[in-house]
Amino acid sequence: MALLLDGNAVSKAVQERIAGEFEKVKSSGQKPGLAVVLVGDNPASVVYVGRKKKACETLGFFSEEYRLPTETPEGELLGLVQKLNQDAKIHGILVQLPLPGHLNPQKVIETIDPRKDVDGMHPFSLGKLVAGLPGLRSCTPAGVMAMLEHYKISPAGKRAVVIGRSIMVGKPMAQLLIEANATVTVCHSKTKDIGAVIREADLVVAAIGRPRFVTADMVKEGAVVVDVGINRTAEGKLVGDVDFDAIAPKASAITPVPGGVGPMTIALLMKNTYQAFLEQTQNRG
Ligand code: GUN
């Protein structure tokens, strides 16, 4: 049976480390500030935004939540982001995705001051990632790397297969794995014989958004399996992109859903917010 990669425990450990660091600079009176913007009332987004706010409270960070109606005009959302860019109490801005269809997510992301881009999705942050320069990294892929590091699972020399090529997960995930010396293949909806490609992998990261897409026959014995997906079945059950029950007996390590990658995303958002805070407060002298 595979080692269970416990996202709740590792997320807690990461956040305790951040709390320890923050403790050392608390006497300055300044605290990290995160603004979370949610447009509309997508039920999953409401839950995620609530968790982000709670994590800020637990760490003693300042947080603001902006709930805007679904029909908010683009100009209004961009105006809010520009206002937050200028707000000295705010060091990180996160606009929860997906946005309602009439809003262009790329335009919104590009309006965020790159120094406050705690989601790591601004082209400036993505460019730094590809260039191998320090910077803010997308929270979910960075969370996966922190999880692997915690369990001392080194990607170096491994064949890694990332399933999905989104800007938020797949592409930055592949880049971080390259940086960690894995040999990386990215699969997507147009990949031919995807099962055969996944079967080559020592490390599988599934981020496709299709319930139980990865089946046991696609996974090599002893592979490490990381499941980024969160899908709700017709029966209302939360399941990942991986068929956990069938794959766990043959994997060497696997993340559960829920309680795997999800909590790591929150921990890395706190880490990014803290990093953005340090950089902005140090530069202001
Ligand atoms: N929606 C689901 N996960 C995320 C995330 O990490 N950041 C943003 N902005 N939206 C999301």
# chains A, B, ... in the order shown; residues from 1 in each chain; ligands from 1
>>> residues_around(residues="A:Gln82", least_positions_apart="2", cutoff="12 Å", atoms="only C-alpha atoms", output="JSON, numbers by chain")
{"A": [75, 76, 77, 78, 79, 80, 84, 85, 86, 87, 90, 93, 108, 109, 110, 111, 112, 113, 114, 116]}
>>> residues_near_ligand(ligand="ligand 1", cutoff="7 Å", atoms="only C-alpha atoms and all ligand atoms", output="PyMOL selection string")
chain A and resi 45+94-98+119+139-140+265
>>> closest_atom_pairs(of="stretch 72-165 of chain A", to="stretch 241-256 of chain A", cutoff="10 Å", atoms="only C-alpha atoms", output="CSV")
residue,atom,partner,partner_atom,distance
A:Val144,CA,A:Thr255,CA,9.8
A:Met147,CA,A:Thr255,CA,9.5
A:Leu148,CA,A:Ala253,CA,9.9
A:Tyr151,CA,A:Ala253,CA,9.5
A:Ile153,CA,A:Ala253,CA,9.3
A:Ile163,CA,A:Asp241,CA,9.6
>>> residues_around(residues="A:Asn231", least_positions_apart="6", cutoff="9 Å", atoms="only C-alpha atoms", output="NGL selection string")
:A and (209-212 or 237-241)
>>> select_by_dssp(residues="stretch 25-233 of chain A", states="strand (DSSP E)", output="PyMOL selection string")
chain A and resi 33-39+62-68+92-95+159-163+183-187+203-206+224-227+231-232
>>> closest_residue(among="A:Val197, A:Gly260, A:Ala9, A:Val186", to="A:Val226", atoms="only C-alpha atoms")
A:Gly260
>>> closest_residue(among="A:Arg165, A:Ala160, A:Lys53, A:Thr281", to="A:Gly29", atoms="only C-alpha atoms")
A:Thr281
>>> residues_around(residues="A:Arg159", least_positions_apart="2", cutoff="12 Å", atoms="only C-alpha atoms", output="MDAnalysis selection string")
chainID A and resid 154:157 161:162 174 177:178 180:186 197:205 220 223:224
>>> closest_residue(among="A:Lys52, A:Lys128, A:Arg232, A:His188", to="A:Ala35", atoms="only C-alpha atoms")
A:Lys52
>>> atom_distance(atom1="atom CA of A:Cys56", atom2="atom CA of A:Val25")
16.4 Å
>>> select_by_dssp(residues="stretch 43-142 of chain A", states="helix (DSSP H, G or I)", output="PyMOL selection string")
chain A and resi 43-59+74-86+105-111+114-116+123-131+139-142
>>> atom_distance(atom1="atom CA of A:His91", atom2="atom CA of A:Ala276")
5.8 Å
>>> residues_around(residues="A:Glu71", least_positions_apart="3", cutoff="12 Å", atoms="only C-alpha atoms", output="MDAnalysis selection string")
chainID A and resid 39:41 67:68 74:77 99:103
>>> atom_distance(atom1="atom CA of A:Ala13", atom2="atom CA of A:Pro43")
28.0 Å
>>> decode(residues="stretch 2-17 of chain A", atoms="all heavy atoms", output="short mmCIF file (atom, residue, chain, number, x, y, z; two decimals), in the first residue's frame")
data_model
loop_
_atom_site.label_atom_id
_atom_site.label_comp_id
_atom_site.auth_asym_id
_atom_site.auth_seq_id
_atom_site.Cartn_x
_atom_site.Cartn_y
_atom_site.Cartn_z
N ALA A 2 0.44 2.21 -0.76
CA ALA A 2 1.24 3.44 -0.93
C ALA A 2 1.31 4.27 0.36
O ALA A 2 0.40 4.23 1.18
CB ALA A 2 0.62 4.28 -2.03
N LEU A 3 2.39 5.02 0.46
CA LEU A 3 2.50 6.04 1.51
C LEU A 3 1.48 7.14 1.18
O LEU A 3 1.42 7.61 0.04
CB LEU A 3 3.92 6.62 1.47
CG LEU A 3 4.19 7.90 2.25
CD1 LEU A 3 4.14 7.63 3.74
CD2 LEU A 3 5.53 8.50 1.86
N LEU A 4 0.70 7.52 2.18
CA LEU A 4 -0.30 8.57 1.96
C LEU A 4 0.35 9.94 2.19
O LEU A 4 0.88 10.20 3.28
CB LEU A 4 -1.46 8.35 2.94
CG LEU A 4 -2.77 9.03 2.56
CD1 LEU A 4 -3.34 8.45 1.28
CD2 LEU A 4 -3.77 8.87 3.69
N LEU A 5 0.31 10.77 1.18
CA LEU A 5 0.92 12.11 1.29
C LEU A 5 -0.14 13.04 1.89
O LEU A 5 -1.11 13.41 1.23
CB LEU A 5 1.39 12.59 -0.09
CG LEU A 5 2.38 11.64 -0.80
CD1 LEU A 5 2.66 12.13 -2.22
CD2 LEU A 5 3.67 11.49 -0.02
N ASP A 6 0.08 13.38 3.15
CA ASP A 6 -0.94 14.05 3.96
C ASP A 6 -0.84 15.58 3.83
O ASP A 6 -0.04 16.21 4.52
CB ASP A 6 -0.76 13.59 5.42
CG ASP A 6 -1.82 14.17 6.34
OD1 ASP A 6 -2.53 15.12 5.96
OD2 ASP A 6 -1.92 13.67 7.48
N GLY A 7 -1.67 16.14 2.96
CA GLY A 7 -1.62 17.57 2.70
C GLY A 7 -1.99 18.41 3.91
O GLY A 7 -1.42 19.49 4.11
N ASN A 8 -2.89 17.92 4.73
CA ASN A 8 -3.27 18.69 5.92
C ASN A 8 -2.07 18.84 6.86
O ASN A 8 -1.79 19.94 7.35
CB ASN A 8 -4.44 18.01 6.66
CG ASN A 8 -5.74 18.16 5.90
OD1 ASN A 8 -6.06 19.25 5.41
ND2 ASN A 8 -6.49 17.08 5.76
N ALA A 9 -1.36 17.73 7.09
CA ALA A 9 -0.22 17.77 8.01
C ALA A 9 0.91 18.63 7.44
O ALA A 9 1.49 19.46 8.17
CB ALA A 9 0.27 16.35 8.28
N VAL A 10 1.20 18.47 6.15
CA VAL A 10 2.34 19.22 5.59
C VAL A 10 2.00 20.70 5.48
O VAL A 10 2.83 21.57 5.74
CB VAL A 10 2.76 18.65 4.20
CG1 VAL A 10 3.99 19.38 3.68
CG2 VAL A 10 3.03 17.16 4.30
N SER A 11 0.73 21.00 5.15
CA SER A 11 0.30 22.39 5.08
C SER A 11 0.47 23.07 6.44
O SER A 11 0.93 24.21 6.54
CB SER A 11 -1.17 22.43 4.64
OG SER A 11 -1.69 23.73 4.73
N LYS A 12 0.11 22.34 7.47
CA LYS A 12 0.23 22.86 8.84
C LYS A 12 1.71 23.13 9.15
O LYS A 12 2.05 24.18 9.70
CB LYS A 12 -0.36 21.83 9.81
CG LYS A 12 -0.57 22.31 11.19
CD LYS A 12 -1.62 21.48 11.93
CE LYS A 12 -1.64 21.82 13.40
NZ LYS A 12 -0.89 20.87 14.24
N ALA A 13 2.56 22.19 8.78
CA ALA A 13 4.00 22.35 9.05
C ALA A 13 4.54 23.58 8.31
O ALA A 13 5.31 24.37 8.89
CB ALA A 13 4.75 21.09 8.63
N VAL A 14 4.14 23.76 7.06
CA VAL A 14 4.61 24.92 6.28
C VAL A 14 4.13 26.21 6.94
O VAL A 14 4.89 27.17 7.10
CB VAL A 14 4.13 24.84 4.80
CG1 VAL A 14 4.39 26.14 4.05
CG2 VAL A 14 4.78 23.66 4.08
N GLN A 15 2.86 26.22 7.36
CA GLN A 15 2.30 27.45 7.96
C GLN A 15 2.92 27.73 9.33
O GLN A 15 3.09 28.89 9.70
CB GLN A 15 0.78 27.36 8.02
CG GLN A 15 0.18 27.43 6.61
CD GLN A 15 -1.33 27.40 6.59
OE1 GLN A 15 -1.97 28.39 6.88
NE2 GLN A 15 -1.89 26.27 6.22
N GLU A 16 3.29 26.67 10.05
CA GLU A 16 3.98 26.89 11.33
C GLU A 16 5.35 27.52 11.10
O GLU A 16 5.79 28.36 11.88
CB GLU A 16 4.09 25.58 12.11
CG GLU A 16 2.80 25.29 12.88
CD GLU A 16 2.69 23.87 13.42
OE1 GLU A 16 3.68 23.10 13.29
OE2 GLU A 16 1.61 23.53 13.95
N ARG A 17 5.98 27.10 10.03
CA ARG A 17 7.29 27.70 9.69
C ARG A 17 7.13 29.18 9.36
O ARG A 17 7.92 30.02 9.80
CB ARG A 17 7.92 26.96 8.50
CG ARG A 17 9.13 26.19 8.92
CD ARG A 17 10.01 25.64 7.84
NE ARG A 17 9.47 25.35 6.55
CZ ARG A 17 9.01 24.15 6.19
NH1 ARG A 17 9.00 23.14 7.02
NH2 ARG A 17 8.56 23.96 4.96
#
